[in-house]
Structure formats: C-alpha cells, structure tokens
$ cat input09.txt   # compact mmCIF, N, CA and C atoms
# COMPACT_ATOMS: atom_id res chain seq x y z
N MET A 1 -70.84 12.57 28.82
CA MET A 1 -69.99 11.51 28.29
C MET A 1 -68.52 11.92 28.38
N GLN A 2 -67.70 11.04 28.87
CA GLN A 2 -66.28 11.31 29.04
C GLN A 2 -65.50 10.74 27.85
N LEU A 3 -64.53 11.50 27.38
CA LEU A 3 -63.67 11.01 26.30
C LEU A 3 -62.82 9.86 26.80
N PRO A 4 -62.65 8.83 25.98
CA PRO A 4 -61.78 7.72 26.40
C PRO A 4 -60.32 8.14 26.38
N LYS A 5 -59.53 7.47 27.18
CA LYS A 5 -58.09 7.72 27.14
C LYS A 5 -57.53 7.15 25.84
N ARG A 6 -56.45 7.71 25.40
CA ARG A 6 -55.83 7.30 24.13
C ARG A 6 -55.60 5.79 24.11
N LYS A 7 -55.13 5.25 25.19
CA LYS A 7 -54.83 3.80 25.23
C LYS A 7 -56.08 2.95 25.08
N ASP A 8 -57.26 3.54 25.32
CA ASP A 8 -58.51 2.79 25.23
C ASP A 8 -59.21 2.94 23.87
N VAL A 9 -58.64 3.76 23.00
CA VAL A 9 -59.22 3.97 21.67
C VAL A 9 -58.66 2.90 20.73
N PRO A 10 -59.51 2.26 19.92
CA PRO A 10 -59.00 1.26 18.96
C PRO A 10 -57.92 1.88 18.05
N VAL A 11 -56.85 1.16 17.82
CA VAL A 11 -55.71 1.66 17.06
C VAL A 11 -56.13 2.19 15.69
N GLU A 12 -57.08 1.55 15.05
CA GLU A 12 -57.50 1.98 13.70
C GLU A 12 -58.19 3.35 13.72
N LEU A 13 -58.53 3.85 14.90
CA LEU A 13 -59.16 5.17 15.02
C LEU A 13 -58.17 6.24 15.51
N THR A 14 -56.90 5.89 15.57
CA THR A 14 -55.89 6.84 16.06
C THR A 14 -54.96 7.25 14.93
N TRP A 15 -54.24 8.34 15.15
CA TRP A 15 -53.26 8.78 14.17
C TRP A 15 -52.11 7.79 14.14
N ASP A 16 -51.61 7.56 12.95
CA ASP A 16 -50.44 6.69 12.78
C ASP A 16 -49.20 7.57 12.69
N LEU A 17 -48.61 7.84 13.82
CA LEU A 17 -47.44 8.71 13.85
C LEU A 17 -46.18 8.01 13.36
N SER A 18 -46.26 6.71 13.10
CA SER A 18 -45.09 6.00 12.59
C SER A 18 -44.74 6.45 11.18
N ALA A 19 -45.63 7.15 10.51
CA ALA A 19 -45.30 7.73 9.20
C ALA A 19 -44.26 8.84 9.35
N ILE A 20 -44.16 9.39 10.56
CA ILE A 20 -43.15 10.42 10.83
C ILE A 20 -41.92 9.77 11.46
N TYR A 21 -42.10 9.11 12.60
CA TYR A 21 -41.03 8.38 13.28
C TYR A 21 -41.61 7.09 13.84
N ASN A 22 -40.83 6.02 13.76
CA ASN A 22 -41.25 4.73 14.32
C ASN A 22 -40.99 4.64 15.82
N SER A 23 -40.11 5.51 16.32
CA SER A 23 -39.75 5.41 17.74
C SER A 23 -39.16 6.73 18.22
N GLU A 24 -39.07 6.85 19.50
CA GLU A 24 -38.42 8.03 20.10
C GLU A 24 -36.95 8.08 19.70
N ASP A 25 -36.31 6.91 19.59
CA ASP A 25 -34.90 6.87 19.18
C ASP A 25 -34.71 7.47 17.80
N ALA A 26 -35.65 7.20 16.89
CA ALA A 26 -35.56 7.76 15.53
C ALA A 26 -35.67 9.29 15.58
N MET A 27 -36.56 9.79 16.41
CA MET A 27 -36.69 11.24 16.54
C MET A 27 -35.42 11.84 17.16
N GLN A 28 -34.87 11.17 18.15
CA GLN A 28 -33.64 11.65 18.78
C GLN A 28 -32.47 11.66 17.78
N ALA A 29 -32.47 10.69 16.87
CA ALA A 29 -31.44 10.66 15.82
C ALA A 29 -31.56 11.90 14.94
N ASP A 30 -32.79 12.32 14.67
CA ASP A 30 -32.97 13.54 13.87
C ASP A 30 -32.56 14.79 14.64
N LEU A 31 -32.69 14.76 15.96
CA LEU A 31 -32.21 15.89 16.75
C LEU A 31 -30.71 16.05 16.54
N GLU A 32 -30.00 14.94 16.54
CA GLU A 32 -28.56 14.98 16.28
C GLU A 32 -28.30 15.42 14.83
N LYS A 33 -29.15 14.99 13.92
CA LYS A 33 -29.00 15.38 12.51
C LYS A 33 -29.11 16.89 12.35
N VAL A 34 -30.06 17.54 13.02
CA VAL A 34 -30.20 18.99 12.85
C VAL A 34 -28.98 19.72 13.43
N ARG A 35 -28.41 19.19 14.47
CA ARG A 35 -27.18 19.80 15.01
C ARG A 35 -26.05 19.72 13.99
N LYS A 36 -25.89 18.53 13.39
CA LYS A 36 -24.83 18.34 12.40
C LYS A 36 -25.08 19.17 11.14
N LEU A 37 -26.33 19.25 10.70
CA LEU A 37 -26.65 20.08 9.53
C LEU A 37 -26.30 21.54 9.79
N ALA A 38 -26.62 22.03 10.97
CA ALA A 38 -26.32 23.41 11.29
C ALA A 38 -24.82 23.66 11.25
N ASP A 39 -24.04 22.74 11.82
CA ASP A 39 -22.59 22.87 11.78
C ASP A 39 -22.08 22.85 10.34
N GLU A 40 -22.63 21.93 9.55
CA GLU A 40 -22.22 21.81 8.15
C GLU A 40 -22.53 23.09 7.37
N ILE A 41 -23.71 23.64 7.59
CA ILE A 41 -24.11 24.86 6.89
C ILE A 41 -23.14 26.00 7.23
N GLU A 42 -22.86 26.16 8.51
CA GLU A 42 -21.96 27.25 8.90
C GLU A 42 -20.56 27.02 8.36
N ARG A 43 -20.06 25.81 8.51
CA ARG A 43 -18.69 25.49 8.07
C ARG A 43 -18.55 25.64 6.55
N THR A 44 -19.56 25.24 5.81
CA THR A 44 -19.48 25.25 4.36
C THR A 44 -19.76 26.62 3.75
N TYR A 45 -20.67 27.38 4.35
CA TYR A 45 -21.15 28.58 3.67
C TYR A 45 -20.80 29.91 4.33
N LYS A 46 -20.33 29.89 5.55
CA LYS A 46 -20.03 31.16 6.21
C LYS A 46 -18.95 31.90 5.43
N GLY A 47 -19.26 33.12 5.03
CA GLY A 47 -18.33 33.93 4.25
C GLY A 47 -18.22 33.54 2.80
N ARG A 48 -19.08 32.61 2.37
CA ARG A 48 -18.98 32.10 1.00
C ARG A 48 -20.28 32.25 0.21
N LEU A 49 -21.21 33.00 0.72
CA LEU A 49 -22.48 33.20 0.00
C LEU A 49 -22.34 34.36 -0.98
N THR A 50 -21.49 34.15 -1.95
CA THR A 50 -21.16 35.23 -2.89
C THR A 50 -21.70 34.98 -4.29
N THR A 51 -22.25 33.81 -4.51
CA THR A 51 -22.82 33.50 -5.83
C THR A 51 -24.22 32.95 -5.66
N ALA A 52 -24.98 33.03 -6.73
CA ALA A 52 -26.34 32.47 -6.70
C ALA A 52 -26.30 30.98 -6.41
N GLU A 53 -25.31 30.29 -6.96
CA GLU A 53 -25.20 28.85 -6.75
C GLU A 53 -24.94 28.51 -5.29
N ALA A 54 -24.05 29.27 -4.66
CA ALA A 54 -23.74 29.03 -3.24
C ALA A 54 -24.96 29.32 -2.37
N ILE A 55 -25.65 30.40 -2.68
CA ILE A 55 -26.84 30.75 -1.90
C ILE A 55 -27.91 29.68 -2.07
N LEU A 56 -28.12 29.20 -3.29
CA LEU A 56 -29.12 28.16 -3.53
C LEU A 56 -28.76 26.87 -2.80
N ALA A 57 -27.49 26.48 -2.86
CA ALA A 57 -27.06 25.26 -2.16
C ALA A 57 -27.26 25.41 -0.65
N CYS A 58 -26.93 26.59 -0.13
CA CYS A 58 -27.12 26.84 1.30
C CYS A 58 -28.60 26.79 1.67
N LEU A 59 -29.43 27.39 0.84
CA LEU A 59 -30.88 27.36 1.10
C LEU A 59 -31.43 25.93 1.05
N ASP A 60 -30.89 25.09 0.17
CA ASP A 60 -31.32 23.69 0.13
C ASP A 60 -31.01 22.99 1.45
N LYS A 61 -29.80 23.20 1.97
CA LYS A 61 -29.42 22.60 3.25
C LYS A 61 -30.27 23.18 4.39
N TYR A 62 -30.50 24.48 4.33
CA TYR A 62 -31.34 25.13 5.33
C TYR A 62 -32.75 24.56 5.29
N GLY A 63 -33.26 24.31 4.09
CA GLY A 63 -34.59 23.70 3.95
C GLY A 63 -34.64 22.31 4.56
N GLU A 64 -33.60 21.54 4.36
CA GLU A 64 -33.52 20.20 4.96
C GLU A 64 -33.52 20.32 6.48
N TRP A 65 -32.77 21.29 7.01
CA TRP A 65 -32.71 21.54 8.45
C TRP A 65 -34.09 21.88 9.00
N MET A 66 -34.78 22.80 8.32
CA MET A 66 -36.11 23.23 8.77
C MET A 66 -37.13 22.09 8.67
N LYS A 67 -37.07 21.32 7.60
CA LYS A 67 -38.01 20.20 7.42
C LYS A 67 -37.84 19.18 8.55
N THR A 68 -36.61 18.89 8.89
CA THR A 68 -36.35 17.93 9.96
C THR A 68 -36.85 18.46 11.29
N LEU A 69 -36.62 19.75 11.56
CA LEU A 69 -37.16 20.35 12.78
C LEU A 69 -38.68 20.26 12.82
N ASP A 70 -39.32 20.54 11.70
CA ASP A 70 -40.79 20.48 11.64
C ASP A 70 -41.30 19.07 11.91
N LEU A 71 -40.63 18.06 11.37
CA LEU A 71 -41.04 16.67 11.62
C LEU A 71 -40.93 16.34 13.11
N MET A 72 -39.84 16.76 13.72
CA MET A 72 -39.65 16.49 15.14
C MET A 72 -40.73 17.15 15.98
N ARG A 73 -40.96 18.41 15.71
CA ARG A 73 -41.97 19.15 16.47
C ARG A 73 -43.35 18.54 16.27
N SER A 74 -43.68 18.21 15.03
CA SER A 74 -45.00 17.64 14.73
C SER A 74 -45.20 16.32 15.44
N TRP A 75 -44.22 15.45 15.37
CA TRP A 75 -44.35 14.13 15.98
C TRP A 75 -44.61 14.24 17.48
N CYS A 76 -43.81 15.05 18.13
CA CYS A 76 -43.97 15.21 19.59
C CYS A 76 -45.29 15.88 19.94
N ASN A 77 -45.63 16.93 19.20
CA ASN A 77 -46.85 17.66 19.51
C ASN A 77 -48.09 16.83 19.21
N LEU A 78 -48.12 16.12 18.10
CA LEU A 78 -49.29 15.29 17.77
C LEU A 78 -49.48 14.17 18.79
N ALA A 79 -48.37 13.56 19.20
CA ALA A 79 -48.47 12.50 20.20
C ALA A 79 -49.05 13.04 21.51
N ALA A 80 -48.63 14.23 21.90
CA ALA A 80 -49.10 14.81 23.15
C ALA A 80 -50.54 15.32 23.04
N SER A 81 -50.94 15.79 21.87
CA SER A 81 -52.25 16.42 21.74
C SER A 81 -53.41 15.43 21.74
N VAL A 82 -53.13 14.16 21.57
CA VAL A 82 -54.22 13.19 21.55
C VAL A 82 -54.72 12.83 22.94
N ASP A 83 -53.93 13.14 23.96
CA ASP A 83 -54.35 12.80 25.32
C ASP A 83 -53.69 13.76 26.30
N TYR A 84 -54.37 14.90 26.51
CA TYR A 84 -53.81 15.90 27.41
C TYR A 84 -53.80 15.42 28.86
N GLY A 85 -54.45 14.33 29.14
CA GLY A 85 -54.44 13.78 30.48
C GLY A 85 -53.27 12.86 30.75
N ASP A 86 -52.51 12.52 29.72
CA ASP A 86 -51.36 11.63 29.86
C ASP A 86 -50.13 12.48 30.18
N GLY A 87 -49.79 12.51 31.44
CA GLY A 87 -48.67 13.33 31.90
C GLY A 87 -47.35 12.96 31.25
N ALA A 88 -47.15 11.67 30.97
CA ALA A 88 -45.89 11.24 30.35
C ALA A 88 -45.75 11.81 28.94
N LEU A 89 -46.84 11.79 28.16
CA LEU A 89 -46.80 12.37 26.81
C LEU A 89 -46.58 13.87 26.87
N GLN A 90 -47.22 14.52 27.81
CA GLN A 90 -47.07 15.97 27.94
C GLN A 90 -45.64 16.34 28.33
N GLU A 91 -45.07 15.57 29.25
CA GLU A 91 -43.69 15.84 29.67
C GLU A 91 -42.72 15.58 28.52
N ARG A 92 -42.93 14.51 27.75
CA ARG A 92 -42.05 14.23 26.62
C ARG A 92 -42.12 15.36 25.61
N ASP A 93 -43.32 15.85 25.33
CA ASP A 93 -43.49 16.95 24.39
C ASP A 93 -42.75 18.19 24.89
N ALA A 94 -42.93 18.52 26.15
CA ALA A 94 -42.28 19.71 26.71
C ALA A 94 -40.76 19.54 26.74
N ALA A 95 -40.28 18.35 27.13
CA ALA A 95 -38.84 18.11 27.20
C ALA A 95 -38.21 18.17 25.82
N THR A 96 -38.91 17.61 24.84
CA THR A 96 -38.39 17.63 23.47
C THR A 96 -38.37 19.06 22.93
N ALA A 97 -39.42 19.80 23.21
CA ALA A 97 -39.45 21.20 22.77
C ALA A 97 -38.30 21.98 23.39
N ARG A 98 -38.02 21.74 24.66
CA ARG A 98 -36.89 22.42 25.31
C ARG A 98 -35.56 22.01 24.68
N ALA A 99 -35.40 20.72 24.40
CA ALA A 99 -34.16 20.23 23.80
C ALA A 99 -33.97 20.81 22.40
N ILE A 100 -35.04 20.86 21.63
CA ILE A 100 -34.95 21.42 20.28
C ILE A 100 -34.58 22.90 20.37
N GLU A 101 -35.26 23.62 21.25
CA GLU A 101 -34.98 25.05 21.38
C GLU A 101 -33.55 25.29 21.82
N LYS A 102 -33.11 24.55 22.81
CA LYS A 102 -31.76 24.73 23.34
C LYS A 102 -30.71 24.39 22.29
N SER A 103 -30.93 23.31 21.55
CA SER A 103 -29.91 22.86 20.60
C SER A 103 -29.94 23.63 19.30
N THR A 104 -31.01 24.33 19.02
CA THR A 104 -31.11 24.99 17.72
C THR A 104 -31.07 26.51 17.79
N ARG A 105 -31.19 27.09 18.95
CA ARG A 105 -31.22 28.56 19.05
C ARG A 105 -29.97 29.17 18.46
N LYS A 106 -28.80 28.71 18.88
CA LYS A 106 -27.55 29.26 18.36
C LYS A 106 -27.39 28.94 16.88
N GLU A 107 -27.76 27.73 16.49
CA GLU A 107 -27.62 27.36 15.08
C GLU A 107 -28.48 28.26 14.19
N LEU A 108 -29.69 28.54 14.63
CA LEU A 108 -30.57 29.41 13.85
C LEU A 108 -29.99 30.83 13.77
N GLU A 109 -29.50 31.33 14.89
CA GLU A 109 -28.89 32.66 14.89
C GLU A 109 -27.70 32.70 13.93
N ASP A 110 -26.87 31.64 13.94
CA ASP A 110 -25.72 31.59 13.05
C ASP A 110 -26.15 31.58 11.58
N MET A 111 -27.20 30.81 11.27
CA MET A 111 -27.65 30.74 9.89
C MET A 111 -28.26 32.05 9.43
N LEU A 112 -29.01 32.69 10.30
CA LEU A 112 -29.58 33.99 9.94
C LEU A 112 -28.48 35.01 9.69
N THR A 113 -27.40 34.93 10.45
CA THR A 113 -26.25 35.81 10.24
C THR A 113 -25.63 35.55 8.88
N LEU A 114 -25.53 34.27 8.49
CA LEU A 114 -25.00 33.94 7.16
C LEU A 114 -25.80 34.65 6.07
N PHE A 115 -27.12 34.54 6.17
CA PHE A 115 -27.97 35.13 5.13
C PHE A 115 -27.93 36.65 5.19
N ALA A 116 -27.88 37.20 6.37
CA ALA A 116 -27.83 38.66 6.51
C ALA A 116 -26.52 39.19 5.93
N ASP A 117 -25.41 38.52 6.20
CA ASP A 117 -24.12 38.95 5.65
C ASP A 117 -24.14 38.92 4.13
N ALA A 118 -24.72 37.86 3.56
CA ALA A 118 -24.79 37.75 2.10
C ALA A 118 -25.69 38.82 1.52
N ALA A 119 -26.77 39.15 2.19
CA ALA A 119 -27.71 40.15 1.69
C ALA A 119 -27.12 41.54 1.70
N MET A 120 -26.13 41.78 2.55
CA MET A 120 -25.55 43.11 2.66
C MET A 120 -24.46 43.37 1.63
N LEU A 121 -24.07 42.34 0.89
CA LEU A 121 -23.04 42.52 -0.11
C LEU A 121 -23.58 43.32 -1.29
N ALA A 122 -22.80 44.25 -1.76
CA ALA A 122 -23.15 44.96 -2.97
C ALA A 122 -22.82 44.05 -4.15
N PRO A 123 -23.51 44.22 -5.27
CA PRO A 123 -23.19 43.39 -6.44
C PRO A 123 -21.69 43.46 -6.77
N GLY A 124 -21.08 42.30 -6.91
CA GLY A 124 -19.67 42.23 -7.25
C GLY A 124 -18.74 42.32 -6.05
N GLU A 125 -19.27 42.62 -4.86
CA GLU A 125 -18.44 42.74 -3.67
C GLU A 125 -18.15 41.37 -3.11
N GLU A 126 -16.94 41.17 -2.62
CA GLU A 126 -16.58 39.89 -2.01
C GLU A 126 -17.05 39.83 -0.56
N ALA A 127 -17.32 38.64 -0.09
CA ALA A 127 -17.73 38.46 1.30
C ALA A 127 -16.59 38.80 2.24
N ARG A 128 -16.94 39.33 3.41
CA ARG A 128 -15.93 39.59 4.44
C ARG A 128 -15.45 38.26 5.00
N ARG A 129 -14.20 38.16 5.21
CA ARG A 129 -13.66 36.90 5.71
C ARG A 129 -13.31 37.01 7.15
$ encode --input "input09.txt" --output "structure tokens"
Amino acid sequence: MQLPKRKDVPVELTWDLSAIYNSEDAMQADLEKVRKLADEIERTYKGRLTTAEAILACLDKYGEWMKTLDLMRSWCNLAASVDYGDGALQERDAATARAIEKSTRKELEDMLTLFADAAMLAPGEEARR
C-alpha cells in the first residue's frame, strides 16, 4: 500500500499549521522580527548587563527571540515533513532554514557575547564600555 500524497489526504486528517502561521508572508514577517529583536537586544543591553533587572529584561527579550525562531523552524519543518515527496515543500524548508541560519548566526554570536561579558564581571564591577 502506498501512502497518499498530502494534497490527497482529507484536510480534517492533516495538521493545522495555521495555528503557527496563516501564510508564508506571516512567517517571513517573523524572520524580519527576529532580526530587529537581535538589533534591539544588542543596542539596549550591550555593556549594560550590570544589574539583575537588566539581565532579566535582556533574557525576556532573548526568550522572545528564541520563541519566534522556534515557531519559524517548526512551521517550515512540519510542513515539509508531511510529504517528503513534495519537492517544493522540501525546498522551502531548506531555503528557510538557510535564511534563518544566515540571518541569525551573527545575532546569536552577539547575544552570547553579551551574556559572557556580563558573567565575567566581578560583583560590584562595572561593565566594560
């Protein structure tokens, strides 16, 4: 018995990915959002993670950044995983993964540097400017 193609499966038996994104445009908007969040985190917190409040606020923004990345990855991967025979879905998943990696690699490195710099401060020491 051969598995049916995704397009041939009744909609009520498929995953409803619209709970994550209603369209590719919505996912692309979040790609831009993660870029802006990364810039905001660096601009707002670089050299300023000297208090518990600042670190907590930065971690909240970082959490928002990570959550958005996870939604993007999940949406693309789930859409592709339902029909490995659909070349268009596979290419979209791969292209999106490349775009996410390319656009977030530097941002992630910058954020990790922020946290590493803050962790190296001795109690009462000011951040290097």
$ atom_distance --input "input09.txt" --atom1 "atom CA of A:Ala80" --atom2 "atom CA of A:Ala94"
9.1 Å
$ atom_distance --input "input09.txt" --atom1 "atom C of A:Ala97" --atom2 "atom CA of A:Leu71"
13.2 Å
$ closest_residue --input "input09.txt" --among "A:Glu109, A:Ala19, A:Trp65, A:Leu78" --to "A:Arg35" --atoms "all atoms listed in the file"
A:Trp65
$ residues_around --input "input09.txt" --residues "A:Val82" --least-positions-apart "3" --cutoff "7 Å" --atoms "all atoms listed in the file" --output "PDB file with N, CA and C atoms, keeping the file's coordinate frame"
ATOM      1  N   LYS A   5     -59.530   7.470  27.180  1.00  0.00           N
ATOM      2  CA  LYS A   5     -58.090   7.720  27.140  1.00  0.00           C
ATOM      3  C   LYS A   5     -57.530   7.150  25.840  1.00  0.00           C
ATOM      4  N   ARG A   6     -56.450   7.710  25.400  1.00  0.00           N
ATOM      5  CA  ARG A   6     -55.830   7.300  24.130  1.00  0.00           C
ATOM      6  C   ARG A   6     -55.600   5.790  24.110  1.00  0.00           C
ATOM      7  N   ASN A  77     -45.630  16.930  19.200  1.00  0.00           N
ATOM      8  CA  ASN A  77     -46.850  17.660  19.510  1.00  0.00           C
ATOM      9  C   ASN A  77     -48.090  16.830  19.210  1.00  0.00           C
ATOM     10  N   LEU A  78     -48.120  16.120  18.100  1.00  0.00           N
ATOM     11  CA  LEU A  78     -49.290  15.290  17.770  1.00  0.00           C
ATOM     12  C   LEU A  78     -49.480  14.170  18.790  1.00  0.00           C
ATOM     13  N   ALA A  79     -48.370  13.560  19.200  1.00  0.00           N
ATOM     14  CA  ALA A  79     -48.470  12.500  20.200  1.00  0.00           C
ATOM     15  C   ALA A  79     -49.050  13.040  21.510  1.00  0.00           C
ATOM     16  N   GLY A  85     -54.450  14.330  29.140  1.00  0.00           N
ATOM     17  CA  GLY A  85     -54.440  13.780  30.480  1.00  0.00           C
ATOM     18  C   GLY A  85     -53.270  12.860  30.750  1.00  0.00           C
TER      19      GLY A  85
END
$ residues_near_point --input "input09.txt" --point "(-32.7, 18.9, 15.9)" --cutoff "7 Å" --atoms "all atoms listed in the file" --output "PyMOL selection string"
chain A and resi 30-35+68-69+99-100+103-104
$ select_by_dssp --input "input09.txt" --residues "stretch 26-126 of chain A" --states "alpha helix (DSSP H)" --output "MDAnalysis selection string"
chainID A and resid 26:45 52:81 87:119
$ atom_distance --input "input09.txt" --atom1 "atom CA of A:Thr14" --atom2 "atom CA of A:Ala29"
24.7 Å
$ residues_around --input "input09.txt" --residues "A:Lys61" --least-positions-apart "5" --cutoff "8 Å" --atoms "all atoms listed in the file" --output "PDB file with N, CA and C atoms, in the coordinates of the input"
ATOM      1  N   LEU A  37     -26.330  19.250  10.700  1.00  0.00           N
ATOM      2  CA  LEU A  37     -26.650  20.080   9.530  1.00  0.00           C
ATOM      3  C   LEU A  37     -26.300  21.540   9.790  1.00  0.00           C
ATOM      4  N   ALA A  38     -26.620  22.030  10.970  1.00  0.00           N
ATOM      5  CA  ALA A  38     -26.320  23.410  11.290  1.00  0.00           C
ATOM      6  C   ALA A  38     -24.820  23.660  11.250  1.00  0.00           C
ATOM      7  N   ILE A  41     -23.710  23.640   7.590  1.00  0.00           N
ATOM      8  CA  ILE A  41     -24.110  24.860   6.890  1.00  0.00           C
ATOM      9  C   ILE A  41     -23.140  26.000   7.230  1.00  0.00           C
ATOM     10  N   ILE A  55     -25.650  30.400  -2.680  1.00  0.00           N
ATOM     11  CA  ILE A  55     -26.840  30.750  -1.900  1.00  0.00           C
ATOM     12  C   ILE A  55     -27.910  29.680  -2.070  1.00  0.00           C
ATOM     13  N   LEU A  56     -28.120  29.200  -3.290  1.00  0.00           N
ATOM     14  CA  LEU A  56     -29.120  28.160  -3.530  1.00  0.00           C
ATOM     15  C   LEU A  56     -28.760  26.870  -2.800  1.00  0.00           C
ATOM     16  N   MET A  66     -34.780  22.800   8.320  1.00  0.00           N
ATOM     17  CA  MET A  66     -36.110  23.230   8.770  1.00  0.00           C
ATOM     18  C   MET A  66     -37.130  22.090   8.670  1.00  0.00           C
ATOM     19  N   LYS A  67     -37.070  21.320   7.600  1.00  0.00           N
ATOM     20  CA  LYS A  67     -38.010  20.200   7.420  1.00  0.00           C
ATOM     21  C   LYS A  67     -37.840  19.180   8.550  1.00  0.00           C
TER      22      LYS A  67
END
$ axis_aligned_box --input "input09.txt" --around "stretch 73-86 of chain A" --padding-each-side "5 Å" --output "lines of an AutoDock Vina configuration file"
center_x = -47.8
center_y = 15.4
center_z = 22.7
size_x = 23.8
size_y = 17.5
size_z = 26.0
$ closest_residue --input "input09.txt" --among "A:Leu114, A:Lys36, A:Gly47, A:Val11" --to "A:Leu59" --atoms "only C-alpha atoms"
A:Leu114
